Every structure is written in structure tokens, then in C-alpha cells.
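**Student:** Sharing a structure here in C-alpha cells format.
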Protein chains: 4
Amino acid sequence: MKLKMPIILVNYKTYYEATGKKAVKLSKIAEEVSIESGVTIGVAPQFVDIKSVCDVVSIPVFSQHIDPILPGSSTGHVLLESVKEAGAIGTLINHAEKQLRLCDIENIVARTREAGMVSVVCTCNAAVSEAAAALKPDIISLEPPELIGTGIPVSKSKPDAVTEMIALVKHVNPSAVTLCGAGITKGEDVAAALKLGTMGVLVASGIVKAKDPRKVLMDFADALSETA
Amino acid sequence: MKLKMPIILVNYKTYYEATGKKAVKLSKIAEEVSIESGVTIGVAPQFVDIKSVCDVVSIPVFSQHIDPILPGSSTGHVLLESVKEAGAIGTLINHAEKQLRLCDIENIVARTREAGMVSVVCTCNAAVSEAAAALKPDIISLEPPELIGTGIPVSKSKPDAVTEMIALVKHVNPSAVTLCGAGITKGEDVAAALKLGTMGVLVASGIVKAKDPRKVLMDFADALSETA
Amino acid sequence: MKLKMPIILVNYKTYYEATGKKAVKLSKIAEEVSIESGVTIGVAPQFVDIKSVCDVVSIPVFSQHIDPILPGSSTGHVLLESVKEAGAIGTLINHAEKQLRLCDIENIVARTREAGMVSVVCTCNAAVSEAAAALKPDIISLEPPELIGTGIPVSKSKPDAVTEMIALVKHVNPSAVTLCGAGITKGEDVAAALKLGTMGVLVASGIVKAKDPRKVLMDFADALSETA
Amino acid sequence: MKLKMPIILVNYKTYYEATGKKAVKLSKIAEEVSIESGVTIGVAPQFVDIKSVCDVVSIPVFSQHIDPILPGSSTGHVLLESVKEAGAIGTLINHAEKQLRLCDIENIVARTREAGMVSVVCTCNAAVSEAAAALKPDIISLEPPELIGTGIPVSKSKPDAVTEMIALVKHVNPSAVTLCGAGITKGEDVAAALKLGTMGVLVASGIVKAKDPRKVLMDFADALSETA
């Protein structure tokens with residue numbers, strides 16, 4: 001994996017504020033903040049917007065999901081080869097809003113590995129994180145579903161869950177990178193995540209729905225630089 | 001619905017031969033044949049490729065699927081607004097390879113109607129076609145799953161299924177347009193589909209996997225012109 | 001279909017109050033009320049409890065779901081033949097909490113028809129009810145999901161949705177029986193349902209969670225007798 | 001877990017030969033062979049048949065699946081409490097024919113642990129087995145899907161997959177019991193499974209579809225006794 005850690009990874013979900021031209025605009029802001037701060041910022045736009053975003057920025061772009069399929073007869077599915085050709089360097093897998101069957105997660109992680117893409121498996125608790133780690137993805141991101149979108153930061157409200165996750169993941173897969181997410185809206189939430197031992201955060205509404213995404217991203221980046 | 005009928009609608013599925021730059025190239029061929037023949041040809045590329053295709057051709061572009069969601073927290077899902085902004089004028093719904101729950105089909109058809117997009121509901125038999133017609137989509141396309149990808153044309157091997165489908169659909173929704181698909185590989189299959197009363201065909205491998213897609217498309221278009 | 005209408009159909013869901021021995025006990029109460037009142041009362045216990053219930057009561061017993069499968073290799077699925085042999089005379093299909101793909105609903109309705117079992121397709125709105133009617137089930141039951149479990153009766157709060165549902169269903173399938181459900185807790189809710197033109201109600205928590213299920217059932221049965 | 005190892009665990013799937021009264025009859029045969037041979041034989045009938053089977057035999061009975069739900073509003077789902085009250089002492093989880101989302105597997109394993117039931121998580125390959133082991137189920141059973149129902153025994157055709165599975169599982173969870181299945185039809189297949197280090201087999205058609213299930217079960221039990 002060639003990504004420089006730590007990282008702020010911004011999931012655009014299907015927010016109106018990060019669809020189409022707005023996705024491109026937000027990605028340019030992310031790139032500017034990344035250049036200015038020297039911090040790695042990745043973005044995960046919707047499938048339809050991946051190419052438009054990749055065409056204008058050089059920061060790492062992720063898909064939000066890919067399907068466990070090979071090229072062929074899979075109407076309406078998301079093919080790894082299509083997101084890779086569009087310029088994505090990795091993908092989220094098993095996000096709380098797009099949960100997958102265990103065997104499919106294994107299949108997708110293996111497919112990304114063969115394709116040289118970065119796999120980010122999202123998990124709902126520490127035990128599931130350990131299970132995910134056994135599949136040898138590049139990154140595991142803990143996102144307790146009950147905190148997603150709440151503004152209550154996992155890194156401050158559930159620090160024990162994060163440190164337990166890191167310990168269990170390291171036991172199974174010492175080289176795995178860990179992130180955490182859910183409720184992250186301030187630089188101090190990001191700093192707390194790093195202090196717990198993660199290599200960054202997965203964030204969505206905290207940036208996408210912010211009044212001034214640039215300002216919040218810069219706040220995140222500064223916290224990351226100072227803490228790392 | 002502003003689509004001129006009859007139509008040849010080409011589903012790119014997740015075929016390697018119709019992914020990324022190859023999707024753009026095939027779409028240009030489809031446009032050339034459409035202009036030359038005067039026949040409406042629509043294409044349904046993968047999500048990731050919709051914008052690239054729409055940016056270079058003026059023929060109708062469809063999504064292969066959209067999800068029954070509103071803008072918001074739906075990581076990994078396909079938002080109507082994203083495919084519409086990319087330039088798609090309609091979408092396949094409930095393809096045999098991406099089957100949907102009944103209430104979700106109704107939701108998506110209603111969403112496309114509000115958004116002024118063309119809805120093409122795919123169905124597996126005549127009874128299901130009648131059920132789909134009750135949801136008032138613009139187009140209903142019968143594709144018996146056992147014939148998909150076989151080269152055995154529905155229009156010649158199951159003519160009674162097609163005429164029964166048309167009769168049941170018209171009973172519930174007299175203004176619905178009907179198509180048929182599965183196993184369509186020759187102009188005569190297309191001609192047979194029109195003679196049965198449909199307004200065209202939904203085709204995938206017959207074009208995408210053809211040695212010379214332009215030639216087969218022109219063959220289809222000629223058959224459509226002569227029969228219509 | 002040999003069921004005498006109108007009917008009160010009690011869905012036990014997975015309520016603790018209607019699991020195992022409690023399911024048997026509640027079914028005996030339902031039978032007693034049915035005998036005393038002369039009103040048809042059906043019950044839909046969990047899969048595991050179907051046989052225990054059928055072994056001790058003579059009222060109609062329904063499954064809550066069956067899967068679109070034939071006998072064979074379908075570990076963890078619910079086979080029509082198993083629920084039929086256990087004594088169920090019909091099944092709910094596509095309940096809001098167990099929604100199904102359109103083609104699967106058609107398949108299950110056809111399977112129940114061949115097996116001489118009563119099919120009750122649940123629907124979320126009037127348009128979906130019309131679609132379901134095209135599949136020719138015996139009974140269609142409208143249950144607006146937003147009212148399920150609320151105590152706000154569909155028959156009083158959404159009378160227009162019920163009458164529209166009946167009109168659309170009759171257009172497609174004049175012989176279909178219609179029910180409605182969601183929020184039904186009192187005899188007057190049942191009476192209102194009948195006055196709108198349905199042949200009864202589908203009810204769950206209104207009976208299962210009642211302090212005195214016998215009393216509420218008798219209240220329902222009286223309302224049904226007086227109104228029918 | 002109070003099960004005496006090794007074990008022959010017979011999955012009835014939805015085979016006609018193991019539905020209803022036939023399930024009860026086969027379970028009695030299994031019990032007789034278990035008593036005669038002294039070998040633990042467990043059976044996993046369909047949901048509907050669990051109680052009938054538990055009512056007449058004393059061997060361990062498993063559910064084929066349970067859903068990740070609590071008592072409440074889950075029409076058409078399988079509640080742990082219902083299968084437990086019926087007499088099941090454990091459940092299969094994530095069988096190849098009923099695959100589950102990762103978080104749901106974790107939830108179900110945790111639920112069975114709290115309820116004192118035996119959890120048997122089925123897996124498709126060694127990596128997935130390690131992931132499953134991290135969730136701390138009692139038993140992990142490897143069943144390569146490509147061998148299921150083929151008569152090509154996993155224990156003889158893929159011995160390396162079995163030993164790799166055992167090693168990975170032990171690394172994460174030293175106390176986990178491992179089984180293997182798929183294509184097991186003879187005593188020698190069972191012996192091979194034990195020699196590789198498993199504690200028994202998960203078998204379906206090899207017993208259920210056998211002309212003389214008693215004879216094959218006795219053959220299995222003898223092989224198990226001699227090898228253990």
C-alpha cells in the first residue's frame with residue numbers, strides 16, 4: 001500500500017452536497033487542504049462521480065463499494081475494473097450502510113489485493129474488526145453504527161472500543177492500519193483518534209455537511225499534523 | 001416520455017468489452033449507427049461510465065439500476081440525482097441480474113417519474129409483467145431468465161410468452177411500451193420481436209460480445225426500420 | 001379458497017408473548033373466540049410453532065412466510081411442503097418486515113396455488129396492491145408501514161388509501177379478497193375496515209401485546225359480526 | 001459447550017426425504033446409530049420440524065439458521081428463543097446456502113453464547129474460517145461450496161485446505177472445534193477428515209439422499225470410532 005499515513009478519508013455517501021459538480025468542487029478543496037497541510041486526504045465519491053473527481057485531483061480517490069464479481073453478466077453491479085480504470089486507488093468495503101456477507105468481503109479484499117488497490121474494511125465493533133483483520137485488508141476502520149451521523153465522536157465517547165479494536169486487529173494482522181469514524185466533527189476528535197493509536201479517521205457528514213468544509217478539513221489536518 | 005420508438009436498447013452489463021474507454025467507443029458506434037439508420041439506439045453503461053459516455057454521444061443513455069433512496073446517508077448506493085446529473089435520461093429497473101423487492105420497484109418508478117426520467121422495468125414472465133405495468137413505468141421489457149445469454153431469441157422461441165405479456169400489460173396500462181429481450185443476436189430476431197407487437201428489444205451480449213458490434217447493430221437497425 | 005370471510009388474521013411476528021407455549025395458548029384463545037362468535041379467526045405463528053399450534057386448534061393457521069424454493073439444497077430456508085405438512089393452510093407473503101423481490105412473490109403465489117394453500121400478499125400502498133393483484137393471490141392486505149405498531153388505525157386514519165387500494169385491486173382481479181392492517185387495536189377500527197369494503201383485518205401487536213387478548217379479540221369479532 | 005466430540009452433524013436442508021414425518025423417522029435412525037455406536041450424531045432439520053424431532057429423540061438437534069433479531073416485530077424471521085424452546089441445542093450459522101453479513105454472524109454468535117446454545121459457523125475457505133474464528137463460535141465447519149453435493153469429499157480432494165483452515169483457526173482461537181464438510185459419502189471420507197485434525201463432519205445429501213441412511217451413518221460412525 002502506497003498511501004502515506006496518517007489519513008483523513010472523506011466518505012461522500014449519497015449526500016446532495018457531494019453529488020456531481022459538488023463532488024468535484026469538494027474534492028478540489030480537499031486537495032488544496034492536503035497540499036497546504038501536507039496531510040493525506042482521501043475522498044470516496046459516488047460511483048458515477050469517481051471519474052470526474054479523478055480527472056481533476058491528484059489526491060487518493062476511493063470507491064464507496066465494489067461488488068464481488070468478475071467481468072461479465074452482472075447488470076447493475078459495480079466492477080472493480082471499472083472503478084480502477086476511472087482512477088480510484090482503493091475502495092471502502094462493508095460500510096455500515098452497505099454491509100456484505102462474510103465470504104463476499106473475503107472475495108472483494110482478495111480482488112483488490114490482486115488489482116493493487118487499497119482495501120478499507122469498515123466494521124461495527126472490536127470482534128468484527130478482528131474477524132475483518134483475518135482477511136488481510138490494508139485498512140480496517142471501526143465505525144460504531146449507533147454513533148454515525150450523531151456528532152458524538154467515537155474517539156472521545158468510546159475510547160475503549162477503539163483501543164480494544166486496535167489490540168485485536170494487531171493480534172491477527174500486525175501490519176494492518178486502523179482508522180476509526182462516526183461522529184467526528186472537530187480537530188480534537190481527530191487528535192483523540194490518533195492518540196488512541198489509529199492512523200486517522202473516516203468521516204462523512206462532519207465534512208460534507210459542514211458550513212465551511214475547507215475550514216473543518218484544515219482543522220482536522222492541523223490536529224493530525226500536531227498529533228502524529 | 002420523449003423517446004422515439006421503436007428502440008434498440010443495449011445493456012453493457014459488466015462486460016469487459018464495454019467497460020471504461022471501451023464503453024465510450026461502443027457508444028460512439030451506437031450513435032453512428034443510430035444517425036445512419038434513423039433508428040433510436042439507447043445504451044446502458046456501468047454507473048462509473050455514464051458520464052464519460054454522456055459527454056461524447058447524444059443518443060439516450062440509461063443507468064443499469066438506481067437505488068430506492070433519497071439523497072443522504074446511503075454509502076455505496078446509486079442515487080437518481082447522480083445518474084441524472086451525469087446525463088442519463090432513464091434507467092433499467094429490476095433486471096434479472098439485479099432483482100428488486102416489489103415496494104422498491106414502485107418507489108424507484110415513482111422517483112423516475114418525478115424526475116422526468118424514463119423507467120424500464122425488466123420482468124421474467126407475463127404475470128410479473130402485468131404486475132409491473134400496474135406501477136405505471138414507461139417501458140416494460142420481458143426477459144425470460146432462462147434465455148439470457150443463450151443466443152436462443154425470445155422472439156422466436158417464446159412468441160406466445162411475448163404476446164401474452166403484451167396483452168396483460170395493455171389490460172392494466174394501455175399506454176405502456178413493451179420490449180422483449182434475451183437471446184437476441186440477429187436482425188431477424190429483432191424483426192420477430194416487432195411483429196409480435198413490441199416496440200423494440202433489450203440486448204446485451206448479442207451486441208457487446210459481437211465480433212463486429214457495428215455490423216450487428218446495423219443489422220438490428222435495418223430489421224427494425226423494415227418491420228416498423 | 002375455502003376460508004369463510006370476513007376474517008381476523010393475527011400475525012404473531014416474533015413477539016415473545018406469542019412464542020412457543022405462549023403461541024399455543026394464544027391460539028386456543030383465538031379458537032375459543034372464533035367458536036363463540038362464529039367469526040373466522042386465523043393465526044400466523046412462527047415457523048417453529050406451526051405444528052404445535054395446528055396440533056391443538058382447528059382454526060386456520062398461516063405461515064408468516066415461505067421461500068421461493070423447491071425441495072432440495074436450501075439450508076435455512078422455509079419450504080412450502082414443510083409448513084403444509086405441519087398443518088398450515090396458507091401463508092403471508094411479502095410482509096413489510098419480510099419484503100420480497102417481485103419475481104419471488106410471483107413464484108410463491110404460484111406455488112401456493114398449485115399446493116391448494118391460501119396466499120395473503122401484504123402491500124405497502126395502493127399501487128403496490130394493484131401490482132400484487134396482477135399475480136392473482138387469494139388475499140391482498142394493505143399495511144402502510146408507517147402505521148405498523150403505532151396504534152393509529154389505517155382504517156380510520158387513511159380511509160382513502162384503503163378505498164383506492166380496493167378499487168385498483170378489483171380492476172385487475174375482481175375476485176381478490178382485500179384486508180387492511182396496521183394500527184388496529186379496537187373493535188371500531190375493525191368495523192371501519194369493513195365499512196370501507198375490506199373483508200377483515202390483519203393484526204399483530206393489537207392482539208398479541210394486549211393485556212387481555214381474549215377480550216380484544218372478542219371486541220374485534222363482535223365488531224366484525226355487527227358490521228358484516 | 002457440552003457436546004461430546006467427535007461428531008457427525010447431519011444437515012437435512014430442505015430435502016423432501018427429510019421433511020416432516022420423514023425428518024422424524026431419519027432422526028430416530030440417527031439416534032439408534034448413535035446409541036449403538038457410541039458416536040455423537042447431531043441433526044439439523046428444517047425450522048418447522050425442530051419440535052417434532054426434539055420431542056422424540058435425545059440426540060443433539062440444531063437449527064439450520066437463526067436470524068440476528070430480538071423478540072419483537074420481525075415477521076417471517078427465525079427467533080433464537082423459538083428454536084431453543086422447541087429443543088434445539090445449537091444452530092448452523094452462515095451455511096453456504098444461507099450466507100450472512102459479517103456483523104450479523106457476530107451478532108448471532110453472541111446471541112447463542114448468551115443463550116447457552118452451540119454455534120456452528122460454516123465457512124467457504126481457510127481465510128474466512130480464520131475470520132469466523134475471531135468471532136469465537138464453538139465450532140467452525142469448512143465447506144468449500146464447489147464440492148457441496150458433488151460426492152467429491154473435501155477431506156480427500158482438498159486436504160491442504162482443511163489443514164490450513166485448522167492452523168488459521170487455532171491461531172486466532174485455540175479452543176475452537178473444527179469440522180469439515182462437502183462431498184462426504186463414505187466412512188473413509190470421515191476417517192480422512194479426522195486424520196487431518198478435525199473433530200468430525202458436516203454432511204447432508206450423503207446421508208439424507210442415501211438409499212440406506214442407517215447403513216451409511218453406521219459406516220460413518222464406525223470410521224469415526226476407529227480413527228478417533
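Going by the C-alpha cells order, chains are called A, B, ..., each with residues numbered from 1, while ligands are numbered from 1 in the order shown.
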Using only C-alpha atoms and a cut-off of 9 Å, which residues of chain B sit close to chain A? Please list them as a PyMOL selection string.

**Tutor:** chain B and resi 11-17+19-21+46-52+63-66+69-79+81-83+85-86+92-93+95-98+149+204-205

**Student:** Using only C-alpha atoms, determine which residues lie at most 8 Å from stretch 136-138 of chain C, disregarding the query and same-chain residues fewer than 4 positions distant; provide the list as a PyMOL selection string.

**Tutor:** chain C and resi 1+109+113+118-121+132+173+176-177

**Student:** Residues at most 6 Å from stretch 221-228 of chain A, counting only C-alpha atoms, excluding those fewer than 6 positions away in the same chain, as a ChimeraX atom specification?

**Tutor:** /A:39,187,191

**Student:** Write a file of the just-selected residues containing N, CA, C and O atoms, as a compact mmCIF listing (two decimals), in the first residue's frame.

**Tutor:**
# COMPACT_ATOMS: atom_id res chain seq x y z
N VAL A 39 -0.95 16.82 4.77
CA VAL A 39 -1.64 15.64 5.31
C VAL A 39 -2.36 14.90 4.19
O VAL A 39 -2.94 15.52 3.30
N GLY A 187 -11.36 19.00 15.06
CA GLY A 187 -9.96 18.62 15.10
C GLY A 187 -9.61 17.83 16.34
O GLY A 187 -8.84 16.87 16.29
N ALA A 191 -7.57 14.35 16.74
CA ALA A 191 -6.40 14.19 17.61
C ALA A 191 -6.61 13.03 18.57
O ALA A 191 -5.70 12.21 18.79

**Student:** Record the distance separating atom CA of D:Thr178 and atom CA of D:Met199, expressed in Å with one decimal.

**Tutor:**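 A separation of 5.9 Å between them.
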
**Student:** Please identify the strand (DSSP E) residues within chain D (assignment by DSSP from backbone atoms) and present them as an MDAnalysis selection string.

**Tutor:** chainID D and resid 7:11 40:44 62:63 90:93 118:123 139:142 177:181 200:203

**Student:** Please provide as a list in words all residues within 9 Å of stretch 150-159 of chain C, with the sequence filter that same-chain residues fewer than 2 positions apart are discarded (counting only C-alpha atoms).

**Tutor:**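 The residues satisfying every condition are Leu142, Glu143, Pro144, Glu146, Leu147, Ile148, Ala161, Val162, Thr163, Glu164, Cys180, Gly181, Ala182, Gly183, Ile184, Thr185, Lys186, Glu188, Asp189, Val190, Ala191, Ala192, Ala193, Leu194, Leu196, Ser205 and Gly206 of chain C.
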
**Student:** Tell me, as a PyMOL selection string, which residues lie within 8 Å of C:Ile7, counting only C-alpha atoms; anything in the same chain fewer than 6 positions away does not count.

**Tutor:** chain C and resi 39-42+199-201

**Student:** Can you check which residues of stretch 159-221 of chain A DSSP gives as helix (DSSP H, G or I) on the backbone and send them as a VMD selection string?

**Tutor:** chain A and resid 159 to 172 187 to 195 205 to 208 213 to 221

**Student:** Take the residues from that selection and put them in a file with N, CA and C atoms, as a compact mmCIF listing (two decimals), in the first residue's frame.

**Tutor:**
# COMPACT_ATOMS: atom_id res chain seq x y z
N PRO A 159 -13.50 5.45 23.68
CA PRO A 159 -12.07 5.21 23.50
C PRO A 159 -11.69 3.75 23.73
N ASP A 160 -12.36 3.10 24.69
CA ASP A 160 -12.03 1.70 24.97
C ASP A 160 -12.35 0.80 23.78
N ALA A 161 -13.43 1.10 23.08
CA ALA A 161 -13.77 0.30 21.90
C ALA A 161 -12.68 0.42 20.84
N VAL A 162 -12.12 1.62 20.73
CA VAL A 162 -11.06 1.84 19.73
C VAL A 162 -9.78 1.11 20.12
N THR A 163 -9.38 1.24 21.36
CA THR A 163 -8.13 0.57 21.76
C THR A 163 -8.29 -0.95 21.75
N GLU A 164 -9.47 -1.45 22.11
CA GLU A 164 -9.71 -2.89 22.03
C GLU A 164 -9.64 -3.35 20.58
N MET A 165 -10.25 -2.57 19.70
CA MET A 165 -10.21 -2.89 18.27
C MET A 165 -8.77 -2.99 17.78
N ILE A 166 -7.95 -1.98 18.14
CA ILE A 166 -6.56 -1.97 17.67
C ILE A 166 -5.82 -3.21 18.18
N ALA A 167 -6.03 -3.54 19.44
CA ALA A 167 -5.33 -4.71 20.02
C ALA A 167 -5.73 -5.99 19.32
N LEU A 168 -7.01 -6.17 19.08
CA LEU A 168 -7.49 -7.40 18.44
C LEU A 168 -7.01 -7.48 16.99
N VAL A 169 -7.03 -6.36 16.31
CA VAL A 169 -6.57 -6.34 14.92
C VAL A 169 -5.09 -6.69 14.85
N LYS A 170 -4.31 -6.09 15.72
CA LYS A 170 -2.85 -6.31 15.69
C LYS A 170 -2.53 -7.78 15.99
N HIS A 171 -3.33 -8.38 16.85
CA HIS A 171 -3.11 -9.79 17.19
C HIS A 171 -3.19 -10.68 15.95
N VAL A 172 -4.14 -10.37 15.11
CA VAL A 172 -4.37 -11.21 13.93
C VAL A 172 -3.53 -10.77 12.75
N GLY A 187 -11.36 19.00 15.06
CA GLY A 187 -9.96 18.62 15.10
C GLY A 187 -9.61 17.83 16.34
N GLU A 188 -10.21 18.17 17.45
CA GLU A 188 -9.88 17.45 18.69
C GLU A 188 -10.35 16.00 18.65
N ASP A 189 -11.42 15.73 17.88
CA ASP A 189 -11.87 14.35 17.72
C ASP A 189 -10.82 13.56 16.93
N VAL A 190 -10.24 14.22 15.95
CA VAL A 190 -9.20 13.60 15.12
C VAL A 190 -7.95 13.34 15.95
N ALA A 191 -7.57 14.35 16.74
CA ALA A 191 -6.40 14.19 17.61
C ALA A 191 -6.61 13.03 18.57
N ALA A 192 -7.81 12.94 19.13
CA ALA A 192 -8.11 11.86 20.07
C ALA A 192 -7.99 10.49 19.38
N ALA A 193 -8.42 10.43 18.13
CA ALA A 193 -8.34 9.17 17.39
C ALA A 193 -6.88 8.74 17.22
N LEU A 194 -6.01 9.70 16.92
CA LEU A 194 -4.60 9.36 16.75
C LEU A 194 -3.95 8.96 18.07
N LYS A 195 -4.33 9.66 19.11
CA LYS A 195 -3.74 9.33 20.42
C LYS A 195 -4.11 7.93 20.88
N SER A 205 -20.45 13.20 7.19
CA SER A 205 -21.22 14.44 7.37
C SER A 205 -20.41 15.53 8.05
N GLY A 206 -19.46 15.16 8.91
CA GLY A 206 -18.63 16.15 9.60
C GLY A 206 -17.94 17.10 8.63
N ILE A 207 -17.61 16.60 7.45
CA ILE A 207 -17.03 17.44 6.39
C ILE A 207 -18.09 17.84 5.37
N VAL A 208 -18.79 16.85 4.83
CA VAL A 208 -19.69 17.10 3.69
C VAL A 208 -20.80 18.07 4.05
N PRO A 213 -16.57 23.43 4.64
CA PRO A 213 -15.79 22.18 4.63
C PRO A 213 -14.28 22.43 4.63
N ARG A 214 -13.84 23.47 3.95
CA ARG A 214 -12.40 23.76 3.90
C ARG A 214 -11.86 24.02 5.29
N LYS A 215 -12.60 24.82 6.03
CA LYS A 215 -12.15 25.18 7.38
C LYS A 215 -12.08 23.95 8.29
N VAL A 216 -13.11 23.12 8.21
CA VAL A 216 -13.14 21.93 9.07
C VAL A 216 -12.04 20.95 8.65
N LEU A 217 -11.86 20.79 7.34
CA LEU A 217 -10.79 19.90 6.87
C LEU A 217 -9.43 20.39 7.34
N MET A 218 -9.24 21.70 7.27
CA MET A 218 -7.96 22.26 7.71
C MET A 218 -7.78 22.04 9.22
N ASP A 219 -8.86 22.19 9.95
CA ASP A 219 -8.84 21.93 11.40
C ASP A 219 -8.45 20.47 11.66
N PHE A 220 -9.05 19.56 10.88
CA PHE A 220 -8.71 18.13 11.00
C PHE A 220 -7.23 17.91 10.68
N ALA A 221 -6.78 18.51 9.58
CA ALA A 221 -5.41 18.29 9.11
C ALA A 221 -4.40 18.82 10.12

**Student:** By how many Å are atom CA of C:Cys103 and atom CA of A:Arg101 apart?

**Tutor:**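 Interatomic distance here is 22.6 Å.
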